[in-house]
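Dropping final-v4.cif in here (mmCIF, C-alpha atoms and all ligand atoms):
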data_input
loop_
_atom_site.label_atom_id
_atom_site.label_comp_id
_atom_site.auth_asym_id
_atom_site.auth_seq_id
_atom_site.Cartn_x
_atom_site.Cartn_y
_atom_site.Cartn_z
CA MET A 1 100.89 103.00 85.95
CA ARG A 2 98.48 105.58 84.58
CA TRP A 3 97.02 108.08 86.96
CA PRO A 4 94.24 108.03 88.05
CA PRO A 5 94.05 104.21 88.08
CA GLU A 6 91.57 102.46 85.81
CA PHE A 7 89.75 100.17 88.18
CA GLY A 8 89.36 96.61 86.96
CA LYS A 9 91.48 97.19 83.85
CA VAL A 10 95.04 97.11 85.03
CA SER A 11 96.53 95.11 87.84
CA MET A 12 96.14 97.59 90.67
CA MET A 13 99.00 98.68 92.80
CA LEU A 14 99.52 101.40 95.30
CA GLU A 15 101.31 104.32 93.73
CA ASP A 16 100.73 107.98 94.47
CA GLY A 17 100.93 111.07 92.30
CA PHE A 18 104.66 111.44 93.12
CA SER A 19 105.59 107.96 91.83
CA ARG A 20 106.01 106.58 95.33
CA ARG A 21 104.96 102.93 95.67
CA PHE A 22 103.55 101.44 98.82
CA HIS A 23 104.46 97.91 99.85
CA TYR A 24 104.28 98.45 103.58
CA LEU A 25 101.22 98.89 105.79
CA ARG A 26 101.14 99.79 109.46
CA LEU A 27 97.99 98.50 111.03
CA SER A 28 97.00 99.78 114.44
CA LEU A 29 95.13 97.27 116.61
CA THR A 30 94.14 99.52 119.49
CA GLU A 31 94.63 102.99 120.92
CA ALA A 32 94.86 101.66 124.45
CA CYS A 33 98.19 101.49 126.23
CA ASN A 34 99.44 100.59 129.67
CA PHE A 35 102.49 102.92 129.58
CA ARG A 36 102.64 106.67 130.06
CA CYS A 37 105.49 107.73 127.82
CA THR A 38 106.13 111.42 128.36
CA TYR A 39 106.11 112.13 124.62
CA CYS A 40 103.00 110.07 123.81
CA LEU A 41 100.45 109.50 126.60
CA PRO A 42 101.96 111.36 129.58
CA ASP A 43 98.70 111.01 131.55
CA GLY A 44 98.03 107.46 130.43
CA TYR A 45 95.42 106.24 127.98
CA LYS A 46 92.05 107.93 128.42
CA PRO A 47 89.31 106.12 126.51
CA ASP A 48 87.44 108.59 124.35
CA GLY A 49 83.80 107.44 124.53
CA ARG A 50 83.02 103.88 123.51
CA LYS A 51 85.36 103.26 120.62
CA SER A 52 85.34 99.87 119.02
CA PHE A 53 88.55 98.70 117.45
CA LEU A 54 88.76 96.62 114.27
CA THR A 55 87.54 93.04 114.70
CA LEU A 56 89.50 90.01 113.58
CA GLU A 57 87.29 89.69 110.46
CA GLU A 58 87.81 93.35 109.57
CA ILE A 59 91.54 92.93 110.07
CA ARG A 60 91.48 89.92 107.74
CA ARG A 61 89.80 92.03 105.06
CA VAL A 62 92.25 94.90 105.50
CA SER A 63 95.23 92.61 105.17
CA SER A 64 93.95 90.63 102.18
CA THR A 65 92.84 93.76 100.29
CA PHE A 66 96.12 95.58 100.84
CA ALA A 67 98.00 92.40 99.86
CA GLN A 68 96.04 92.30 96.60
CA LEU A 69 97.18 95.88 96.03
CA GLY A 70 100.83 94.87 96.39
CA VAL A 71 101.50 95.30 100.11
CA GLN A 72 104.06 92.70 101.20
CA LYS A 73 104.73 93.72 104.77
CA ILE A 74 102.32 94.52 107.59
CA ARG A 75 103.40 95.96 110.91
CA LEU A 76 100.99 95.59 113.82
CA THR A 77 101.12 98.55 116.15
CA GLY A 78 99.02 100.72 118.41
CA GLY A 79 98.61 101.92 121.23
CA GLU A 80 99.99 98.75 122.68
CA PRO A 81 99.07 95.81 120.41
CA SER A 82 99.71 93.26 123.14
CA MET A 83 96.69 94.64 124.99
CA ARG A 84 94.49 92.81 122.46
CA ARG A 85 93.44 89.45 123.88
CA ASP A 86 93.02 88.07 120.37
CA LEU A 87 96.54 89.09 119.30
CA PRO A 88 97.72 85.52 118.49
CA ALA A 89 94.69 85.02 116.23
CA ILE A 90 95.36 88.39 114.56
CA ILE A 91 99.00 87.50 113.93
CA GLU A 92 97.97 84.15 112.50
CA THR A 93 95.34 85.70 110.21
CA VAL A 94 97.65 88.40 108.88
CA SER A 95 100.61 86.06 108.41
CA GLN A 96 98.48 83.57 106.47
CA THR A 97 97.26 86.22 104.04
CA ASN A 98 98.30 85.47 100.46
CA GLY A 99 101.00 87.89 99.41
CA ILE A 100 102.07 89.01 102.88
CA GLU A 101 105.71 88.02 103.20
CA SER A 102 106.46 89.64 106.50
CA VAL A 103 104.50 90.36 109.67
CA ALA A 104 106.14 92.66 112.18
CA MET A 105 104.96 94.18 115.43
CA THR A 106 105.96 97.20 117.49
CA THR A 107 105.49 96.74 121.22
CA ASN A 108 106.51 98.36 124.47
CA GLY A 109 107.67 94.88 125.54
CA TYR A 110 105.47 94.72 128.62
CA ARG A 111 104.29 91.19 127.83
CA LEU A 112 107.24 90.09 125.71
CA LYS A 113 108.79 87.75 128.27
CA GLU A 114 105.66 85.61 128.57
CA ARG A 115 104.36 85.92 125.01
CA ALA A 116 107.39 85.95 122.68
CA LYS A 117 107.00 82.25 121.88
CA ILE A 118 103.19 82.37 121.49
CA TRP A 119 103.47 85.24 119.00
CA TYR A 120 106.28 83.52 117.13
CA ASP A 121 104.25 80.31 116.87
CA ALA A 122 101.34 82.35 115.51
CA GLY A 123 103.58 83.61 112.68
CA LEU A 124 105.26 86.81 113.91
CA ARG A 125 108.85 87.03 112.70
CA ASP A 126 109.95 90.65 113.11
CA LEU A 127 109.74 92.51 116.35
CA ASN A 128 110.37 96.14 117.32
CA VAL A 129 110.64 96.75 121.03
CA SER A 130 110.69 100.27 122.42
CA VAL A 131 113.51 100.85 124.92
CA ASP A 132 114.10 104.52 125.62
CA SER A 133 116.89 104.09 128.14
CA LEU A 134 119.25 101.39 129.40
CA ASP A 135 119.18 103.02 132.81
CA ALA A 136 116.30 101.63 134.87
CA ARG A 137 115.57 104.95 136.60
CA GLN A 138 115.58 106.97 133.40
CA PHE A 139 113.46 104.27 131.77
CA GLN A 140 110.83 104.67 134.47
CA LEU A 141 111.01 108.44 134.25
CA ILE A 142 110.31 108.33 130.51
CA THR A 143 107.71 105.53 130.35
CA GLY A 144 106.12 105.62 133.80
CA GLU A 145 106.94 101.93 134.29
CA ASN A 146 109.72 100.18 136.19
CA LYS A 147 110.04 97.46 133.56
CA LEU A 148 113.45 97.78 131.96
CA ALA A 149 114.88 94.51 133.33
CA SER A 150 111.83 92.50 132.34
CA ILE A 151 111.82 93.99 128.82
CA LEU A 152 115.52 93.25 128.29
CA GLU A 153 114.85 89.70 129.49
CA GLY A 154 111.97 89.55 126.97
CA ILE A 155 114.39 90.57 124.19
CA ASP A 156 116.78 87.75 125.21
CA ILE A 157 113.90 85.27 125.12
CA ALA A 158 112.79 86.53 121.70
CA GLN A 159 116.33 85.96 120.43
CA GLN A 160 116.28 82.39 121.74
CA VAL A 161 112.85 81.77 120.21
CA GLY A 162 114.33 82.56 116.79
CA TYR A 163 112.82 85.84 115.59
CA ARG A 164 114.28 86.82 112.21
CA LYS A 165 114.76 90.48 113.06
CA ILE A 166 114.64 92.24 116.38
CA LYS A 167 114.85 96.01 116.43
CA VAL A 168 114.83 98.40 119.33
CA ASN A 169 113.18 101.83 119.05
CA THR A 170 114.61 104.62 121.15
CA VAL A 171 113.08 108.09 120.98
CA LEU A 172 115.92 110.60 121.21
CA LEU A 173 115.21 112.93 124.10
CA LYS A 174 117.42 115.86 125.02
CA ASN A 175 118.39 115.76 128.71
CA LEU A 176 116.64 112.43 129.22
CA ASN A 177 118.60 109.88 127.19
CA ASP A 178 120.85 111.75 124.75
CA HIS A 179 123.83 111.19 127.06
CA GLU A 180 123.45 107.41 126.73
CA LEU A 181 124.83 106.93 123.21
CA SER A 182 128.05 105.26 124.43
CA GLN A 183 126.06 102.91 126.65
CA PHE A 184 123.78 101.92 123.75
CA LEU A 185 126.82 101.38 121.49
CA PHE A 186 128.47 99.20 124.13
CA TRP A 187 125.29 97.11 124.36
CA LEU A 188 125.23 96.64 120.59
CA ARG A 189 128.74 95.21 120.37
CA ASN A 190 127.42 91.74 121.11
CA GLN A 191 123.71 92.11 120.40
CA PRO A 192 122.49 91.24 116.88
CA ILE A 193 119.90 94.00 117.13
CA GLU A 194 119.19 97.11 115.08
CA LEU A 195 118.68 100.00 117.45
CA ARG A 196 116.92 102.95 115.89
CA PHE A 197 117.04 106.41 117.34
CA ILE A 198 113.83 108.23 116.45
CA GLU A 199 113.77 111.99 116.54
CA LEU A 200 110.94 113.24 118.68
CA MET A 201 108.00 114.24 116.47
CA GLN A 202 105.72 117.04 117.45
CA THR A 203 102.11 116.00 117.90
CA GLY A 204 98.94 117.96 118.64
CA GLU A 205 98.96 117.35 122.39
CA MET A 206 102.60 118.24 122.88
CA ASP A 207 103.11 121.54 124.61
CA GLU A 208 106.54 122.80 125.61
CA ARG A 209 107.85 119.24 125.69
CA PHE A 210 108.81 119.24 122.06
CA LYS A 211 111.02 122.32 122.34
CA LYS A 212 112.50 121.05 125.58
CA HIS A 213 113.35 117.54 124.43
CA HIS A 214 113.70 117.53 120.66
CA GLN A 215 117.20 116.52 119.65
CA SER A 216 118.39 116.14 116.07
CA GLY A 217 119.87 112.80 115.01
CA LEU A 218 122.52 114.53 112.87
CA PRO A 219 125.23 114.77 115.59
CA ILE A 220 124.82 111.00 116.12
CA LYS A 221 125.19 110.39 112.39
CA ALA A 222 128.36 112.50 112.35
CA ARG A 223 129.81 110.57 115.29
CA LEU A 224 128.97 107.18 113.74
CA LEU A 225 130.64 108.12 110.45
CA ARG A 226 133.69 109.42 112.34
CA GLU A 227 133.93 106.14 114.23
CA GLY A 228 133.88 103.91 111.14
CA TRP A 229 130.17 103.07 110.81
CA VAL A 230 129.00 102.65 107.21
CA GLN A 231 125.56 103.57 105.87
CA GLN A 232 123.62 100.73 104.21
CA ASN A 233 121.39 100.70 101.15
CA ARG A 234 117.64 100.64 101.67
CA GLY A 235 115.31 97.75 100.63
CA LEU A 236 111.80 97.91 99.13
CA THR A 237 109.89 97.32 102.35
CA ASP A 238 112.40 98.84 104.74
CA GLY A 239 111.18 101.44 107.19
CA PRO A 240 112.28 105.07 107.19
CA ALA A 241 115.59 104.59 109.03
CA GLU A 242 119.06 105.37 107.73
CA VAL A 243 120.94 102.28 108.90
CA PHE A 244 124.64 102.01 109.79
CA SER A 245 126.82 98.97 110.46
CA HIS A 246 130.35 98.48 111.78
CA PRO A 247 132.64 95.43 111.53
CA ASP A 248 133.29 95.42 115.31
CA TYR A 249 129.61 95.38 116.24
CA LEU A 250 127.00 92.63 115.92
CA GLY A 251 124.29 95.27 116.21
CA LYS A 252 123.35 98.10 113.85
CA ILE A 253 122.23 101.65 114.39
CA GLY A 254 119.31 103.26 112.58
CA LEU A 255 118.39 106.93 112.57
CA ILE A 256 114.85 108.08 111.89
CA MET A 257 114.94 111.78 111.21
CA PRO A 258 111.53 113.03 110.05
CA TYR A 259 112.78 116.62 110.04
CA SER A 260 115.62 115.89 107.66
CA LYS A 261 115.53 116.93 104.03
CA ASP A 262 114.07 114.29 101.68
CA PHE A 263 112.54 112.18 104.50
CA CYS A 264 109.17 112.11 102.68
CA SER A 265 110.59 111.32 99.24
CA ASN A 266 111.32 107.76 100.40
CA CYS A 267 107.88 107.24 101.92
CA ASN A 268 106.74 103.66 101.24
CA ARG A 269 104.15 103.14 103.98
CA LEU A 270 100.50 103.70 104.64
CA ARG A 271 98.59 103.39 107.88
CA VAL A 272 95.23 102.02 108.89
CA SER A 273 94.11 103.13 112.33
CA SER A 274 92.47 100.86 114.90
CA THR A 275 89.09 102.32 113.94
CA GLY A 276 89.61 101.60 110.25
CA LYS A 277 90.78 104.94 108.87
CA LEU A 278 93.36 105.06 106.12
CA HIS A 279 96.06 107.60 106.99
CA LEU A 280 98.27 108.64 104.13
CA CYS A 281 100.72 110.36 106.45
CA LEU A 282 101.35 110.35 110.19
CA PHE A 283 100.57 114.04 110.20
CA GLY A 284 98.14 116.49 108.81
CA GLU A 285 95.00 114.71 107.71
CA GLN A 286 91.76 113.32 109.09
CA GLY A 287 92.03 109.85 107.59
CA ILE A 288 89.73 108.19 105.09
CA ASN A 289 87.08 106.01 106.64
CA LEU A 290 87.34 102.45 105.29
CA ARG A 291 85.31 100.71 107.93
CA GLU A 292 82.02 100.71 106.10
CA TYR A 293 83.76 98.78 103.30
CA LEU A 294 85.10 96.16 105.69
CA GLN A 295 81.81 94.57 106.58
CA ASN A 296 81.74 91.70 104.09
CA ASP A 297 83.97 90.08 101.50
CA ALA A 298 81.78 91.22 98.62
CA GLN A 299 82.87 94.84 99.27
CA SER A 300 86.46 94.12 98.32
CA SER A 301 86.48 95.97 94.98
CA GLU A 302 84.73 99.01 96.49
CA LEU A 303 87.30 98.95 99.29
CA LYS A 304 90.15 98.93 96.76
CA LYS A 305 88.55 101.86 94.95
CA GLN A 306 88.42 103.88 98.16
CA ILE A 307 92.04 103.13 98.95
CA LEU A 308 93.29 103.99 95.48
CA SER A 309 91.32 107.18 95.14
CA GLY A 310 92.38 108.20 98.66
CA LEU A 311 95.99 107.66 97.71
CA SER A 312 95.66 110.19 94.91
CA SER A 313 95.38 112.89 97.57
CA LYS A 314 98.59 111.98 99.37
CA ARG A 315 100.67 115.10 99.82
CA GLU A 316 104.28 115.26 98.77
CA THR A 317 105.54 116.06 102.24
CA HIS A 318 104.41 116.67 105.81
CA PHE A 319 104.43 120.21 107.16
CA LEU A 320 106.10 119.51 110.47
CA HIS A 321 108.78 122.08 109.74
CA GLN A 322 106.13 124.76 109.77
CA GLY A 323 104.87 123.40 113.10
CA ASP A 324 101.79 121.91 111.39
CA THR A 325 101.18 118.68 113.28
CA GLY A 326 97.81 118.19 111.66
CA ILE A 327 95.21 116.63 113.89
CA THR A 328 97.33 113.77 115.25
CA PRO A 329 96.95 114.27 119.01
CA HIS A 330 99.62 111.63 119.80
CA LEU A 331 101.06 108.67 117.93
CA ALA A 332 99.09 106.14 119.98
CA SER A 333 95.95 107.46 118.26
CA ILE A 334 96.85 106.32 114.76
CA GLY A 335 99.69 103.87 115.33
CA GLY A 336 103.27 105.16 115.32
N1 LIG B 401 103.16 100.95 122.18
C1 LIG B 401 104.07 100.45 121.22
C2 LIG B 401 105.47 100.97 121.48
O1 LIG B 401 105.62 101.96 122.21
O2 LIG B 401 106.41 100.39 120.95
C3 LIG B 401 103.68 100.72 119.79
C4 LIG B 401 103.06 102.06 119.46
S1 LIG B 401 104.13 103.45 119.63
C5 LIG B 401 103.08 104.79 119.17
C6 LIG B 401 105.22 103.21 118.26
C7 LIG B 401 106.55 103.93 118.33
O3 LIG B 401 106.32 105.33 118.21
C8 LIG B 401 107.30 103.71 119.62
O4 LIG B 401 108.61 103.27 119.34
C9 LIG B 401 107.33 105.07 120.25
O5 LIG B 401 108.48 105.27 121.00
C10 LIG B 401 107.24 105.99 119.07
N2 LIG B 401 106.69 107.31 119.37
C11 LIG B 401 105.55 107.60 120.03
N3 LIG B 401 105.36 108.94 120.08
C12 LIG B 401 106.40 109.51 119.43
C13 LIG B 401 106.78 110.86 119.12
N4 LIG B 401 106.04 111.89 119.49
N5 LIG B 401 107.92 111.05 118.42
C14 LIG B 401 108.68 110.00 118.02
N6 LIG B 401 108.37 108.71 118.27
C15 LIG B 401 107.25 108.46 118.97
FE1 LIG B 402 102.16 103.49 124.91
FE2 LIG B 402 103.81 103.14 122.89
FE3 LIG B 402 102.68 105.55 123.38
FE4 LIG B 402 104.54 104.63 125.04
S1 LIG B 402 104.84 105.13 122.88
S2 LIG B 402 102.57 105.55 125.65
S3 LIG B 402 104.16 102.47 125.01
S4 LIG B 402 101.65 103.72 122.75
#
Could you render the structure from this file as structure tokens?
Ligand code: SAM
Ligand code: SF4
Amino acid sequence: MRWPPEFGKVSMMLEDGFSRRFHYLRLSLTEACNFRCTYCLPDGYKPDGRKSFLTLEEIRRVSSTFAQLGVQKIRLTGGEPSMRRDLPAIIETVSQTNGIESVAMTTNGYRLKERAKIWYDAGLRDLNVSVDSLDARQFQLITGENKLASILEGIDIAQQVGYRKIKVNTVLLKNLNDHELSQFLFWLRNQPIELRFIELMQTGEMDERFKKHHQSGLPIKARLLREGWVQQNRGLTDGPAEVFSHPDYLGKIGLIMPYSKDFCSNCNRLRVSSTGKLHLCLFGEQGINLREYLQNDAQSSELKKQILSGLSSKRETHFLHQGDTGITPHLASIGG
């Protein structure tokens, strides 16, 4: 595709100035959350004035416009997406969008037990559940909630309901859960789940916590390779994880290492925040306000223009290594 794009002349697709193509959108539904994860909202969610989150109609326009630009997969995230009362209607709307082949959601699992079937019936097929420890006390220490048993039960129910893919997200935290690798591996022997260890990312509101708890995923990778795990190839709409499988295990292990070399060269995802801002990267920019172009269907071509010209300013890499966390106060604010 020529750069910059010629609107209306060529079939538009999302490609940036570094030949990266974008088929995957993360759409945040809310900033609110009912957990207090130490690395995200340690003091709980504090509403910042009277923010209004995207309405169902605005969400429909986001999903159909991005689909027309070649996005095939949309992940609903937050904050905690299950705090939206209209979540089933949102799932249904996004999953019925022409061109969207896969709707996924990332949740803390708080409501999974009761809602797994409702969400599935609405069209959700892929689920990521955050589980930072398999030890109930550590789980509570990290998330502020004594909910491990209920969340694991929710995962069992989701498996029975028939979800296509269930993944578990675990933020790697030195001295809080990094001693649990063997326990997680044991769990995965008979669980057809991909568990992804995510390296802790530094955000604007993180003080000493980052230094205290950041743990590289590389020692885990070395151990997996030593123990016969094999790294898999990556698909078009796959997330950022390096994924490993082993013949003796039903489950898989993924490693998300944003500080590793070349992490950004594989970037295939864009984000729209719950207030309608396009974020080209998790870190380091203000976001491009799309909301004014989401007010009626007739604005669709203007909306596409904004998205495509915004994409031309996507940077080649984040600057986390230099300690530049941009303005992202915490991941709940733009959808992790
Ligand atoms: N509330 C939902 C949840 O926790 O699954 C969805 C939103 S949350 C921001 C999305 C993912 O980002 C979660 O798996 C969470 O553990 C992860 N996350 C949040 N803050 C992070 C940080 N500073 N570094 C790495 N991962 C983080
Ligand atoms: Fe809430 Fe998810 Fe942030 Fe934890 S990581 S505080 S569950 S938004």
* To do: Set the cut-off to 10 Å, count all atoms listed in the file, and list whatever residues fall near ligand LIG 402 (chain B) as a ChimeraX atom specification.
  => /A:30-45,77-81,106-110,129-132,142-145,169-171,330-336
With C-alpha atoms retained, could you export that selection as a PDB file, in the coordinates of the input?
ATOM      1  CA  THR A  30      94.140  99.520 119.490  1.00  0.00           C
ATOM      2  CA  GLU A  31      94.630 102.990 120.920  1.00  0.00           C
ATOM      3  CA  ALA A  32      94.860 101.660 124.450  1.00  0.00           C
ATOM      4  CA  CYS A  33      98.190 101.490 126.230  1.00  0.00           C
ATOM      5  CA  ASN A  34      99.440 100.590 129.670  1.00  0.00           C
ATOM      6  CA  PHE A  35     102.490 102.920 129.580  1.00  0.00           C
ATOM      7  CA  ARG A  36     102.640 106.670 130.060  1.00  0.00           C
ATOM      8  CA  CYS A  37     105.490 107.730 127.820  1.00  0.00           C
ATOM      9  CA  THR A  38     106.130 111.420 128.360  1.00  0.00           C
ATOM     10  CA  TYR A  39     106.110 112.130 124.620  1.00  0.00           C
ATOM     11  CA  CYS A  40     103.000 110.070 123.810  1.00  0.00           C
ATOM     12  CA  LEU A  41     100.450 109.500 126.600  1.00  0.00           C
ATOM     13  CA  PRO A  42     101.960 111.360 129.580  1.00  0.00           C
ATOM     14  CA  ASP A  43      98.700 111.010 131.550  1.00  0.00           C
ATOM     15  CA  GLY A  44      98.030 107.460 130.430  1.00  0.00           C
ATOM     16  CA  TYR A  45      95.420 106.240 127.980  1.00  0.00           C
ATOM     17  CA  THR A  77     101.120  98.550 116.150  1.00  0.00           C
ATOM     18  CA  GLY A  78      99.020 100.720 118.410  1.00  0.00           C
ATOM     19  CA  GLY A  79      98.610 101.920 121.230  1.00  0.00           C
ATOM     20  CA  GLU A  80      99.990  98.750 122.680  1.00  0.00           C
ATOM     21  CA  PRO A  81      99.070  95.810 120.410  1.00  0.00           C
ATOM     22  CA  THR A 106     105.960  97.200 117.490  1.00  0.00           C
ATOM     23  CA  THR A 107     105.490  96.740 121.220  1.00  0.00           C
ATOM     24  CA  ASN A 108     106.510  98.360 124.470  1.00  0.00           C
ATOM     25  CA  GLY A 109     107.670  94.880 125.540  1.00  0.00           C
ATOM     26  CA  TYR A 110     105.470  94.720 128.620  1.00  0.00           C
ATOM     27  CA  VAL A 129     110.640  96.750 121.030  1.00  0.00           C
ATOM     28  CA  SER A 130     110.690 100.270 122.420  1.00  0.00           C
ATOM     29  CA  VAL A 131     113.510 100.850 124.920  1.00  0.00           C
ATOM     30  CA  ASP A 132     114.100 104.520 125.620  1.00  0.00           C
ATOM     31  CA  ILE A 142     110.310 108.330 130.510  1.00  0.00           C
ATOM     32  CA  THR A 143     107.710 105.530 130.350  1.00  0.00           C
ATOM     33  CA  GLY A 144     106.120 105.620 133.800  1.00  0.00           C
ATOM     34  CA  GLU A 145     106.940 101.930 134.290  1.00  0.00           C
ATOM     35  CA  ASN A 169     113.180 101.830 119.050  1.00  0.00           C
ATOM     36  CA  THR A 170     114.610 104.620 121.150  1.00  0.00           C
ATOM     37  CA  VAL A 171     113.080 108.090 120.980  1.00  0.00           C
ATOM     38  CA  HIS A 330      99.620 111.630 119.800  1.00  0.00           C
ATOM     39  CA  LEU A 331     101.060 108.670 117.930  1.00  0.00           C
ATOM     40  CA  ALA A 332      99.090 106.140 119.980  1.00  0.00           C
ATOM     41  CA  SER A 333      95.950 107.460 118.260  1.00  0.00           C
ATOM     42  CA  ILE A 334      96.850 106.320 114.760  1.00  0.00           C
ATOM     43  CA  GLY A 335      99.690 103.870 115.330  1.00  0.00           C
ATOM     44  CA  GLY A 336     103.270 105.160 115.320  1.00  0.00           C
TER      45      GLY A 336
END
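In this structure, atom O4 of ligand LIG 401 (chain B) sits 16.5 Å away from CA of Met206 (chain A).
When only C-alpha atoms and all ligand atoms are used to measure the gap to ligand LIG 401 (chain B), the shortest distance among A:Glu199, A:Glu292, A:Asp126, A:Asp135 belongs to A:Glu199.
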* Pick out the residues sitting within 10 Å of His246 (chain A), and hand them over as a PyMOL selection string; count only C-alpha atoms, and ignore anything fewer than 2 positions along from it in its own chain. => chain A and resi 189+224-225+227-231+244+248-253
* To do: Would you work out the distance separating CA of Asp262 (chain A) from CA of Cys281 (chain A), expressed in Å to one decimal?
  =>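 These two atoms are separated by 14.7 Å.
Nearest-residue note for Tyr259 (chain A): choosing from A:Met201, A:Ile151, A:Leu112, A:Ala241, the minimum distance belongs to A:Met201, counting only C-alpha atoms.
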* Go through A:Arg125, A:Arg111, A:Arg61, A:Lys277 one by one, measure the shortest atom-to-atom distance of each to ligand LIG 401 (chain B) using all atoms listed in the file, and give the residue with the smallest value. =>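 Nearest candidate to ligand LIG 401 (chain B) out of A:Arg125, A:Arg111, A:Arg61, A:Lys277: A:Arg111.
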Emit region 150-164 of chain A of the structure in the block as a file comprising C-alpha atoms, as a PDB file, in the first residue's frame.
ATOM      1  CA  SER A 150     -14.828 -18.800  42.534  1.00  0.00           C
ATOM      2  CA  ILE A 151     -12.720 -17.718  39.536  1.00  0.00           C
ATOM      3  CA  LEU A 152     -11.279 -21.217  39.049  1.00  0.00           C
ATOM      4  CA  GLU A 153     -14.834 -22.558  39.219  1.00  0.00           C
ATOM      5  CA  GLY A 154     -15.787 -19.953  36.587  1.00  0.00           C
ATOM      6  CA  ILE A 155     -12.998 -21.253  34.325  1.00  0.00           C
ATOM      7  CA  ASP A 156     -14.339 -24.830  34.702  1.00  0.00           C
ATOM      8  CA  ILE A 157     -17.819 -23.629  33.788  1.00  0.00           C
ATOM      9  CA  ALA A 158     -16.488 -21.734  30.764  1.00  0.00           C
ATOM     10  CA  GLN A 159     -14.807 -24.942  29.600  1.00  0.00           C
ATOM     11  CA  GLN A 160     -18.089 -26.840  29.911  1.00  0.00           C
ATOM     12  CA  VAL A 161     -19.973 -24.092  28.072  1.00  0.00           C
ATOM     13  CA  GLY A 162     -17.688 -24.654  25.084  1.00  0.00           C
ATOM     14  CA  TYR A 163     -15.476 -21.577  24.701  1.00  0.00           C
ATOM     15  CA  ARG A 164     -13.058 -22.028  21.799  1.00  0.00           C
TER      16      ARG A 164
END
